[in-house]
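The file entry24.txt contains compact mmCIF, C-alpha atoms and all ligand atoms:
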# COMPACT_ATOMS: atom_id res chain seq x y z
CA MET Q 81 313.30 -7.93 -1.08
CA SER Q 82 312.74 -10.13 1.98
CA THR Q 83 310.37 -13.09 1.80
CA ARG Q 84 307.93 -11.16 3.95
CA ASP Q 85 308.01 -8.13 1.64
CA GLU Q 86 307.52 -10.38 -1.39
CA LEU Q 87 304.50 -11.99 0.23
CA LEU Q 88 303.01 -8.62 1.16
CA ALA Q 89 303.66 -7.18 -2.31
CA SER Q 90 301.68 -9.98 -3.94
CA ASP Q 91 299.04 -10.20 -1.25
CA LEU Q 92 296.64 -7.39 -2.11
CA LEU Q 93 293.02 -8.25 -1.35
CA LEU Q 94 291.99 -7.67 -4.96
CA PRO Q 95 288.60 -9.19 -5.85
CA THR Q 96 290.18 -11.15 -8.74
CA GLU Q 97 292.69 -12.69 -6.31
CA ILE Q 98 290.09 -13.51 -3.66
CA ARG Q 99 287.79 -15.12 -6.24
CA LYS Q 100 290.51 -17.48 -7.52
CA GLY Q 101 289.63 -20.76 -5.87
CA LEU Q 102 286.95 -19.21 -3.63
CA ASP Q 103 284.80 -22.12 -2.54
CA THR Q 104 281.49 -20.38 -1.69
CA GLU Q 105 278.07 -20.05 -3.31
CA VAL Q 106 277.05 -16.67 -1.91
CA LEU Q 107 279.59 -14.97 0.34
CA GLY Q 108 281.95 -12.81 -1.70
CA LYS Q 109 280.73 -14.54 -4.84
CA SER Q 110 279.04 -11.77 -6.81
CA ASN Q 111 279.99 -8.59 -4.96
CA ILE Q 112 283.41 -7.79 -3.57
CA ILE Q 113 283.97 -4.09 -2.95
CA TYR Q 114 287.65 -3.27 -2.67
CA PHE Q 115 289.37 -0.16 -1.28
CA ARG Q 116 293.05 0.73 -1.15
CA GLU Q 117 292.01 2.79 1.83
CA THR Q 118 288.73 3.87 3.34
CA ASP Q 119 287.35 5.17 6.61
CA SER Q 120 285.85 1.89 7.81
CA THR Q 121 284.69 -1.18 5.90
CA ASN Q 122 281.66 -1.40 8.22
CA THR Q 123 280.68 2.18 7.39
CA ARG Q 124 281.03 1.45 3.65
CA ALA Q 125 279.08 -1.80 3.97
CA LYS Q 126 276.22 -0.09 5.82
CA ALA Q 127 275.97 2.55 3.09
CA LEU Q 128 275.82 -0.21 0.47
CA ALA Q 129 273.25 -2.19 2.47
CA VAL Q 130 270.98 0.85 2.73
CA ARG Q 131 271.13 1.12 -1.08
CA GLY Q 132 270.05 -2.52 -1.38
CA ALA Q 133 273.33 -4.44 -1.76
CA PRO Q 134 272.57 -8.17 -1.63
CA GLU Q 135 273.40 -10.70 1.04
CA GLY Q 136 276.97 -11.90 0.70
CA THR Q 137 278.42 -8.56 -0.37
CA LEU Q 138 281.96 -8.32 0.98
CA VAL Q 139 283.78 -5.04 1.63
CA VAL Q 140 287.55 -5.18 2.14
CA SER Q 141 290.17 -2.51 2.46
CA GLU Q 142 293.96 -2.59 2.64
CA LYS Q 143 293.82 0.18 5.24
CA GLN Q 144 291.20 1.89 7.41
CA LYS Q 145 291.59 5.50 8.44
CA LYS Q 146 288.76 5.25 10.98
CA GLY Q 147 288.63 1.56 11.77
CA ARG Q 148 285.96 1.16 14.43
CA GLY Q 149 285.79 -1.18 17.40
CA ARG Q 150 283.09 -1.67 19.99
CA LYS Q 151 282.28 1.20 22.32
CA GLU Q 152 283.59 3.85 19.91
CA ARG Q 153 287.10 2.47 20.18
CA ASN Q 154 289.52 2.69 17.27
CA TRP Q 155 290.67 -0.41 15.46
CA PHE Q 156 294.35 -0.30 14.51
CA SER Q 157 294.28 -0.73 10.72
CA PRO Q 158 297.68 -0.17 9.03
CA SER Q 159 297.98 -0.74 5.30
CA GLN Q 160 298.31 -4.34 4.05
CA GLU Q 161 299.10 -5.77 7.47
CA GLY Q 162 295.67 -6.73 8.75
CA LEU Q 163 292.43 -8.14 7.41
CA TYR Q 164 289.59 -5.61 7.54
CA ALA Q 165 286.49 -7.23 6.12
CA SER Q 166 282.77 -6.56 6.42
CA LEU Q 167 279.96 -8.80 5.21
CA ILE Q 168 276.39 -7.79 4.46
CA LEU Q 169 273.88 -10.39 5.66
CA ARG Q 170 270.10 -10.40 5.41
CA PRO Q 171 269.17 -13.35 7.64
CA ASN Q 172 265.60 -14.35 8.20
CA ILE Q 173 265.89 -14.30 12.00
CA ALA Q 174 264.30 -12.24 14.76
CA PRO Q 175 266.22 -9.07 15.71
CA ARG Q 176 266.72 -10.46 19.23
CA ASP Q 177 268.78 -13.27 17.67
CA ALA Q 178 271.23 -10.87 16.00
CA PRO Q 179 273.89 -11.27 18.76
CA LYS Q 180 274.18 -14.91 17.68
CA ILE Q 181 275.62 -13.68 14.38
CA THR Q 182 278.51 -12.15 16.33
CA LEU Q 183 279.23 -15.53 17.90
CA LEU Q 184 278.95 -17.27 14.53
CA THR Q 185 281.54 -14.80 13.23
CA ALA Q 186 283.83 -15.43 16.18
CA VAL Q 187 283.58 -19.19 15.58
CA ALA Q 188 284.23 -18.83 11.82
CA GLY Q 189 287.18 -16.48 12.47
CA ALA Q 190 288.69 -18.67 15.19
CA ASP Q 191 288.29 -21.86 13.14
CA THR Q 192 289.92 -20.13 10.18
CA LEU Q 193 292.95 -19.26 12.29
CA LEU Q 194 293.08 -22.77 13.70
CA SER Q 195 293.07 -24.31 10.25
CA LEU Q 196 295.80 -22.08 8.83
CA THR Q 197 298.11 -21.82 11.84
CA GLN Q 198 299.10 -24.05 14.72
CA LEU Q 199 298.04 -21.39 17.20
CA LYS Q 200 295.92 -22.08 20.24
CA VAL Q 201 293.03 -19.80 19.44
CA ASN Q 202 290.41 -18.80 21.93
CA ILE Q 203 287.10 -16.95 21.78
CA LYS Q 204 286.46 -14.32 24.41
CA TRP Q 205 282.70 -13.93 24.43
CA PRO Q 206 281.17 -12.21 22.60
CA ASN Q 207 283.42 -10.61 20.03
CA ASP Q 208 287.12 -11.16 20.66
CA ILE Q 209 289.53 -13.72 19.27
CA LEU Q 210 292.55 -14.27 21.49
CA VAL Q 211 295.88 -16.04 21.28
CA ASN Q 212 297.96 -16.32 24.45
CA ARG Q 213 295.37 -14.12 26.15
CA LYS Q 214 296.11 -11.30 23.72
CA LYS Q 215 293.69 -9.97 21.16
CA ILE Q 216 294.32 -11.13 17.60
CA GLY Q 217 290.85 -10.38 16.22
CA GLY Q 218 287.67 -8.44 16.91
CA ILE Q 219 284.15 -8.32 15.55
CA LEU Q 220 281.82 -5.37 15.14
CA THR Q 221 278.20 -6.23 14.35
CA GLU Q 222 275.81 -3.51 13.26
CA ILE Q 223 272.14 -4.14 12.62
CA SER Q 224 269.24 -2.37 10.99
CA ALA Q 225 265.87 -3.84 11.91
CA GLU Q 226 262.17 -3.21 12.23
CA ARG Q 227 260.44 -4.47 15.34
CA ASP Q 228 260.24 -8.07 14.13
CA ALA Q 229 262.44 -8.31 11.03
CA ILE Q 230 266.05 -7.64 10.19
CA ASP Q 231 266.73 -5.43 7.19
CA TYR Q 232 270.48 -6.04 7.22
CA ILE Q 233 273.36 -6.99 9.44
CA VAL Q 234 276.86 -5.76 8.73
CA VAL Q 235 279.42 -7.91 10.44
CA GLY Q 236 282.99 -6.66 10.40
CA LEU Q 237 286.00 -8.76 11.24
CA GLY Q 238 289.42 -7.31 11.98
CA LEU Q 239 292.32 -9.76 12.18
CA ASN Q 240 295.86 -8.80 13.13
CA VAL Q 241 297.78 -10.70 10.49
CA ASN Q 242 301.23 -9.42 9.60
CA MET Q 243 301.77 -6.62 12.12
CA ARG Q 244 305.17 -6.59 13.80
CA HIS Q 245 304.38 -3.73 16.16
CA PHE Q 246 301.40 -2.14 17.83
CA PRO Q 247 300.94 1.37 19.21
CA ASP Q 248 301.89 1.87 22.88
CA ASP Q 249 298.30 1.89 24.18
CA ILE Q 250 297.55 -1.63 22.91
CA ARG Q 251 301.04 -3.18 22.80
CA GLU Q 252 300.48 -5.26 25.94
CA LYS Q 253 297.02 -6.44 24.90
CA ALA Q 254 297.33 -7.12 21.16
CA THR Q 255 299.16 -9.67 19.07
CA SER Q 256 299.31 -10.79 15.44
CA ILE Q 257 299.73 -14.03 13.52
CA LEU Q 258 303.21 -12.92 12.48
CA ILE Q 259 304.24 -12.20 16.08
CA GLU Q 260 302.86 -15.51 17.33
CA THR Q 261 304.10 -17.80 14.56
CA GLY Q 262 307.16 -15.90 13.32
CA LYS Q 263 305.79 -16.24 9.78
CA PRO Q 264 303.70 -13.94 7.60
CA LEU Q 265 300.39 -15.31 6.37
CA SER Q 266 298.66 -14.55 3.09
CA ARG Q 267 295.62 -12.39 3.76
CA VAL Q 268 294.05 -13.58 0.49
CA GLN Q 269 294.25 -17.18 1.69
CA LEU Q 270 292.86 -16.08 5.05
CA ILE Q 271 289.80 -14.31 3.64
CA ARG Q 272 288.98 -17.20 1.28
CA GLU Q 273 289.08 -19.69 4.13
CA TYR Q 274 287.05 -17.37 6.38
CA LEU Q 275 284.32 -16.96 3.74
CA ARG Q 276 284.16 -20.71 3.14
CA ARG Q 277 283.83 -21.51 6.84
CA TYR Q 278 281.42 -18.65 7.42
CA GLU Q 279 279.11 -19.87 4.68
CA GLU Q 280 279.22 -23.42 6.03
CA TYR Q 281 278.20 -22.28 9.54
CA TYR Q 282 275.61 -19.85 8.18
CA GLU Q 283 273.99 -22.71 6.23
CA VAL Q 284 273.97 -24.88 9.36
CA CYS Q 285 272.10 -22.10 11.17
CA LYS Q 286 269.53 -21.87 8.41
CA VAL Q 287 268.90 -25.62 8.42
CA VAL Q 288 269.14 -26.64 12.09
CA GLY Q 289 269.52 -23.37 14.01
CA PHE Q 290 272.32 -21.87 16.06
CA GLU Q 291 272.78 -24.73 18.55
CA PRO Q 292 275.80 -26.37 16.80
CA ILE Q 293 277.49 -22.97 16.57
CA MET Q 294 277.03 -22.36 20.29
CA GLU Q 295 278.42 -25.83 20.96
CA ARG Q 296 281.51 -24.98 18.90
CA CYS Q 297 281.75 -21.62 20.68
CA ARG Q 298 281.83 -23.42 24.04
CA GLU Q 299 284.65 -25.63 22.74
CA LEU Q 300 286.60 -22.60 21.56
CA THR Q 301 286.35 -20.57 24.74
CA ASP Q 302 288.16 -21.14 27.99
CA MET Q 303 285.96 -18.64 29.83
CA ILE Q 304 283.79 -21.19 31.58
CA GLY Q 305 284.84 -21.16 35.24
CA HIS Q 306 286.76 -17.93 34.69
CA ARG Q 307 286.24 -14.89 36.94
CA ILE Q 308 285.19 -11.86 34.95
CA MET Q 309 284.00 -8.31 35.24
CA VAL Q 310 281.21 -7.33 32.84
CA ASP Q 311 279.89 -3.97 31.89
CA VAL Q 312 276.26 -4.29 30.80
CA SER Q 313 275.08 -0.90 29.54
CA GLY Q 314 277.03 0.97 32.24
CA GLU Q 315 276.33 -1.49 35.09
CA THR Q 316 279.24 -3.56 36.36
CA TYR Q 317 278.95 -7.17 37.54
CA PHE Q 318 281.65 -9.44 38.93
CA GLY Q 319 281.37 -13.19 38.95
CA LYS Q 320 282.23 -16.55 37.49
CA VAL Q 321 281.20 -17.71 34.04
CA LYS Q 322 278.96 -20.78 34.36
CA ASP Q 323 278.05 -21.32 30.72
CA ILE Q 324 277.29 -19.96 27.30
CA ASP Q 325 273.74 -21.16 26.79
CA ARG Q 326 272.00 -22.48 23.67
CA ASP Q 327 271.03 -18.93 22.69
CA GLY Q 328 274.60 -17.68 23.04
CA ALA Q 329 273.91 -15.81 26.29
CA LEU Q 330 276.62 -15.70 28.94
CA ILE Q 331 275.54 -17.16 32.28
CA LEU Q 332 277.27 -15.44 35.16
CA GLU Q 333 277.13 -16.38 38.85
CA ASP Q 334 277.83 -13.39 41.07
CA SER Q 335 279.41 -13.49 44.53
CA LYS Q 336 275.97 -13.85 46.16
CA GLY Q 337 275.27 -16.95 44.12
CA GLU Q 338 272.77 -15.14 41.89
CA TYR Q 339 272.69 -15.98 38.22
CA HIS Q 340 272.65 -13.39 35.44
CA ARG Q 341 271.89 -14.09 31.81
CA ILE Q 342 273.80 -11.60 29.69
CA LEU Q 343 273.11 -11.14 26.00
CA SER Q 344 275.73 -8.56 25.14
CA ALA Q 345 278.42 -6.85 27.21
CA ASP Q 346 281.99 -5.75 27.49
CA VAL Q 347 283.93 -8.42 29.38
CA SER Q 348 287.26 -8.20 31.25
CA LEU Q 349 288.89 -11.45 32.26
CA LEU Q 350 290.13 -11.37 35.87
CA GLN Q 351 292.96 -13.47 37.20
CA ARG Q 352 292.13 -17.15 37.52
CA ASP Q 353 292.54 -18.81 40.91
CA SER Q 354 294.97 -21.20 39.17
CA ASP Q 355 297.09 -18.26 37.88
CA ASN Q 356 298.60 -18.01 41.36
CA ASP Q 357 299.40 -21.72 41.62
C1 LIG Q 401 286.34 -4.78 18.58
O1 LIG Q 401 287.07 -5.70 18.98
O2 LIG Q 401 286.08 -3.81 19.30
C2 LIG Q 401 285.76 -4.89 17.20
C3 LIG Q 401 286.76 -4.57 16.14
C4 LIG Q 401 286.20 -4.70 14.74
C5 LIG Q 401 287.15 -4.23 13.68
C6 LIG Q 401 286.66 -4.52 12.29
S1 LIG Q 401 287.87 -4.21 11.05
C7 LIG Q 401 286.67 -4.39 9.81
C8 LIG Q 401 285.43 -3.70 10.30
N1 LIG Q 401 285.48 -2.29 10.02
C9 LIG Q 401 285.52 -1.54 11.13
O3 LIG Q 401 285.58 -0.29 11.16
N2 LIG Q 401 285.51 -2.33 12.20
C10 LIG Q 401 285.43 -3.73 11.84

Structure re-expressed in structure tokens:
Amino acid sequence: MSTRDELLASDLLLPTEIRKGLDTEVLGKSNIIYFRETDSTNTRAKALAVRGAPEGTLVVSEKQKKGRGRKERNWFSPSQEGLYASLILRPNIAPRDAPKITLLTAVAGADTLLSLTQLKVNIKWPNDILVNRKKIGGILTEISAERDAIDYIVVGLGLNVNMRHFPDDIREKATSILIETGKPLSRVQLIREYLRRYEEYYEVCKVVGFEPIMERCRELTDMIGHRIMVDVSGETYFGKVKDIDRDGALILEDSKGEYHRILSADVSLLQRDSDND
């Protein structure tokens, strides 16, 4: 057996393994729901949330048969190669603030990768984690709310960990930790570190608000000054990113010099002026 196979064989995301040395108070502490395979951890988590599962419930699966991305896209989810994890949160925040949870997740995910690898990790607002301009992670946030109160948020993180290959349609755009570092990484170690960092940031939000998270998000993105194309509910805008503001909104300056404040969108990075230098 190769070293990689040995690592993978002993790296199942079993609740007993995750809990060993898990340094959290709430996240993944009482409820970890484990699947060898399932349709989608977000779908499972939503079903549990509807039945009253508490904040901090973690759903993980070795494989997803219908892993879901934003905009009805599929999320490539082969067995034991990626991290497919969904958390149930019940934050006491206004529904309009829910997009900030996506950014918190991006920051926790990116900081986890930074701490366990030497990779130069980048956040692509609002829900992508990139390395070398390729996607290494994605976040899918799903919310159930009344007009002024959140019932639950399910926030799913997919990380490309030990994949060697990707299907043709995403080969150019996707990468994994193994591809970038040449070394496999323990997914158990990864999820423990992610939960620890997530809880730390989540506590910060409860005590002082989201501002420090947005500050960290600005540090972890290289989008500011970048030319982008954004699709906001079917409308396309081109322009330059000026900022990510204190509420986590993207501030875009279009070619006429008009500013747009975008709360959620699908973003494509265009070539930088300096790319031609
Ligand atoms: C995206 O980049 O479009 C978001 C991808 C989110 C994928 C994760 S994997 C765990 C969770 N379960 C899902 O079905 N999707 C999210």

(request) Taking the point (271.4, -3.5, 3.1) as given in the file, collect each protein or nucleic acid residue that comes within 10 Å of it, counting all atoms listed in the file, and present the set as a ChimeraX atom specification. (result) /Q:125-135,137,168-170,223-224,230-234

(message) For Q:His340, find every residue with an atom within 7 Å (counting all atoms listed in the file), except residues of its own chain fewer than 3 positions away, and show them as JSON, numbers by chain.
(response) {"Q": [331, 332, 333]}

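Based on all atoms listed in the file, the protein and nucleic acid residues found within 7 Å of ligand LIG 401 (chain Q) are, by chain and then by number, Ser120, Thr121, Asn122, Thr123, Lys146, Gly147, Arg148, Gly149, Arg150, Lys151, Arg153, Trp155, Tyr164, Ala165, Ser166, Asn207, Asp208, Gly217, Gly218, Ile219, Leu220, Gly236, Leu237 and Gly238 of chain Q.
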
Could you check which residues have any atom within 9 Å of (295.4, -10.9, 16.0), counting only C-alpha atoms with coordinates taken straight from the file, and then list them as a PDB file with C-alpha atoms, keeping the file's coordinate frame?
ATOM      1  CA  GLY Q 162     295.670  -6.730   8.750  1.00  0.00           C
ATOM      2  CA  ILE Q 209     289.530 -13.720  19.270  1.00  0.00           C
ATOM      3  CA  LEU Q 210     292.550 -14.270  21.490  1.00  0.00           C
ATOM      4  CA  VAL Q 211     295.880 -16.040  21.280  1.00  0.00           C
ATOM      5  CA  LYS Q 214     296.110 -11.300  23.720  1.00  0.00           C
ATOM      6  CA  LYS Q 215     293.690  -9.970  21.160  1.00  0.00           C
ATOM      7  CA  ILE Q 216     294.320 -11.130  17.600  1.00  0.00           C
ATOM      8  CA  GLY Q 217     290.850 -10.380  16.220  1.00  0.00           C
ATOM      9  CA  GLY Q 218     287.670  -8.440  16.910  1.00  0.00           C
ATOM     10  CA  GLY Q 238     289.420  -7.310  11.980  1.00  0.00           C
ATOM     11  CA  LEU Q 239     292.320  -9.760  12.180  1.00  0.00           C
ATOM     12  CA  ASN Q 240     295.860  -8.800  13.130  1.00  0.00           C
ATOM     13  CA  VAL Q 241     297.780 -10.700  10.490  1.00  0.00           C
ATOM     14  CA  ASN Q 242     301.230  -9.420   9.600  1.00  0.00           C
ATOM     15  CA  MET Q 243     301.770  -6.620  12.120  1.00  0.00           C
ATOM     16  CA  ALA Q 254     297.330  -7.120  21.160  1.00  0.00           C
ATOM     17  CA  THR Q 255     299.160  -9.670  19.070  1.00  0.00           C
ATOM     18  CA  SER Q 256     299.310 -10.790  15.440  1.00  0.00           C
ATOM     19  CA  ILE Q 257     299.730 -14.030  13.520  1.00  0.00           C
ATOM     20  CA  LEU Q 258     303.210 -12.920  12.480  1.00  0.00           C
ATOM     21  CA  ILE Q 259     304.240 -12.200  16.080  1.00  0.00           C
ATOM     22  CA  GLU Q 260     302.860 -15.510  17.330  1.00  0.00           C
TER      23      GLU Q 260
END

(message) As an exercise, work out the distance from atom CA of Q:Leu93 to atom CA of Q:Lys109 in Å and give it to one decimal place.
(response) 14.2 Å

(request) Please indicate the distance in Å from atom CA of Q:Tyr114 to atom CA of Q:Ala186, rounded to one decimal place. (result)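 If I compute the distance from atom CA of Q:Tyr114 to atom CA of Q:Ala186, I get 22.8 Å.
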
(request) Go ahead and compute the interatomic distance for atom CA of Q:Lys180 and atom CA of Q:Val312, in Å to one decimal. (result)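 It comes out at 17.0 Å.
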
(request) Give the answer as one residue: which of Q:Leu196, Q:Lys286, Q:Gly314, Q:Glu280 has the shortest atom-to-atom distance to Q:Lys263, using all atoms listed in the file? (result)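 Selected residue with least distance to Q:Lys263: Q:Leu196.
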
(request) Select, from Q:Ile308, Q:Leu275, Q:Leu184, Q:Leu350, the residue with the minimum atom-to-atom distance to Q:Leu138, counting all atoms listed in the file. (result)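 Looking only at the distances to Q:Leu138, the closest residue turns out to be Q:Leu275.
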
(request) Return the single residue from Q:Cys285, Q:Ile324, Q:Ala225, Q:Leu107 that is closest to Q:Arg176, with distances computed using only C-alpha atoms. (result)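 That would be Q:Ala225, the residue with the smallest distance to Q:Arg176.
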
(message) Show me, as an MDAnalysis selection string, the residues that have an atom within 12 Å of stretch 293-297 of chain Q when counting only C-alpha atoms, minus same-chain residues fewer than 4 positions from it.
(response) chainID Q and resid 179:191 201:209 277:278 280:286 288:289 301:304 323:330

Could you write out the selected residues, including C-alpha atoms, as a compact mmCIF listing (two decimals), keeping the file's coordinate frame?
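Generated file (part14.txt):
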# COMPACT_ATOMS: atom_id res chain seq x y z
CA PRO Q 179 273.89 -11.27 18.76
CA LYS Q 180 274.18 -14.91 17.68
CA ILE Q 181 275.62 -13.68 14.38
CA THR Q 182 278.51 -12.15 16.33
CA LEU Q 183 279.23 -15.53 17.90
CA LEU Q 184 278.95 -17.27 14.53
CA THR Q 185 281.54 -14.80 13.23
CA ALA Q 186 283.83 -15.43 16.18
CA VAL Q 187 283.58 -19.19 15.58
CA ALA Q 188 284.23 -18.83 11.82
CA GLY Q 189 287.18 -16.48 12.47
CA ALA Q 190 288.69 -18.67 15.19
CA ASP Q 191 288.29 -21.86 13.14
CA VAL Q 201 293.03 -19.80 19.44
CA ASN Q 202 290.41 -18.80 21.93
CA ILE Q 203 287.10 -16.95 21.78
CA LYS Q 204 286.46 -14.32 24.41
CA TRP Q 205 282.70 -13.93 24.43
CA PRO Q 206 281.17 -12.21 22.60
CA ASN Q 207 283.42 -10.61 20.03
CA ASP Q 208 287.12 -11.16 20.66
CA ILE Q 209 289.53 -13.72 19.27
CA ARG Q 277 283.83 -21.51 6.84
CA TYR Q 278 281.42 -18.65 7.42
CA GLU Q 280 279.22 -23.42 6.03
CA TYR Q 281 278.20 -22.28 9.54
CA TYR Q 282 275.61 -19.85 8.18
CA GLU Q 283 273.99 -22.71 6.23
CA VAL Q 284 273.97 -24.88 9.36
CA CYS Q 285 272.10 -22.10 11.17
CA LYS Q 286 269.53 -21.87 8.41
CA VAL Q 288 269.14 -26.64 12.09
CA GLY Q 289 269.52 -23.37 14.01
CA THR Q 301 286.35 -20.57 24.74
CA ASP Q 302 288.16 -21.14 27.99
CA MET Q 303 285.96 -18.64 29.83
CA ILE Q 304 283.79 -21.19 31.58
CA ASP Q 323 278.05 -21.32 30.72
CA ILE Q 324 277.29 -19.96 27.30
CA ASP Q 325 273.74 -21.16 26.79
CA ARG Q 326 272.00 -22.48 23.67
CA ASP Q 327 271.03 -18.93 22.69
CA GLY Q 328 274.60 -17.68 23.04
CA ALA Q 329 273.91 -15.81 26.29
CA LEU Q 330 276.62 -15.70 28.94

(request) Choose the residue, out of Q:Leu163, Q:Met309, Q:Leu349, Q:Ile112, that has the smallest atom-to-atom separation from Q:Ile271; count only C-alpha atoms. (result)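 Among the listed residues, Q:Leu163 lies closest to Q:Ile271.
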
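Residue nearest Q:Gly101, chosen from Q:Ser195, Q:Ser344, Q:Gln269, Q:Gln351 and counting all atoms listed in the file: Q:Gln269.
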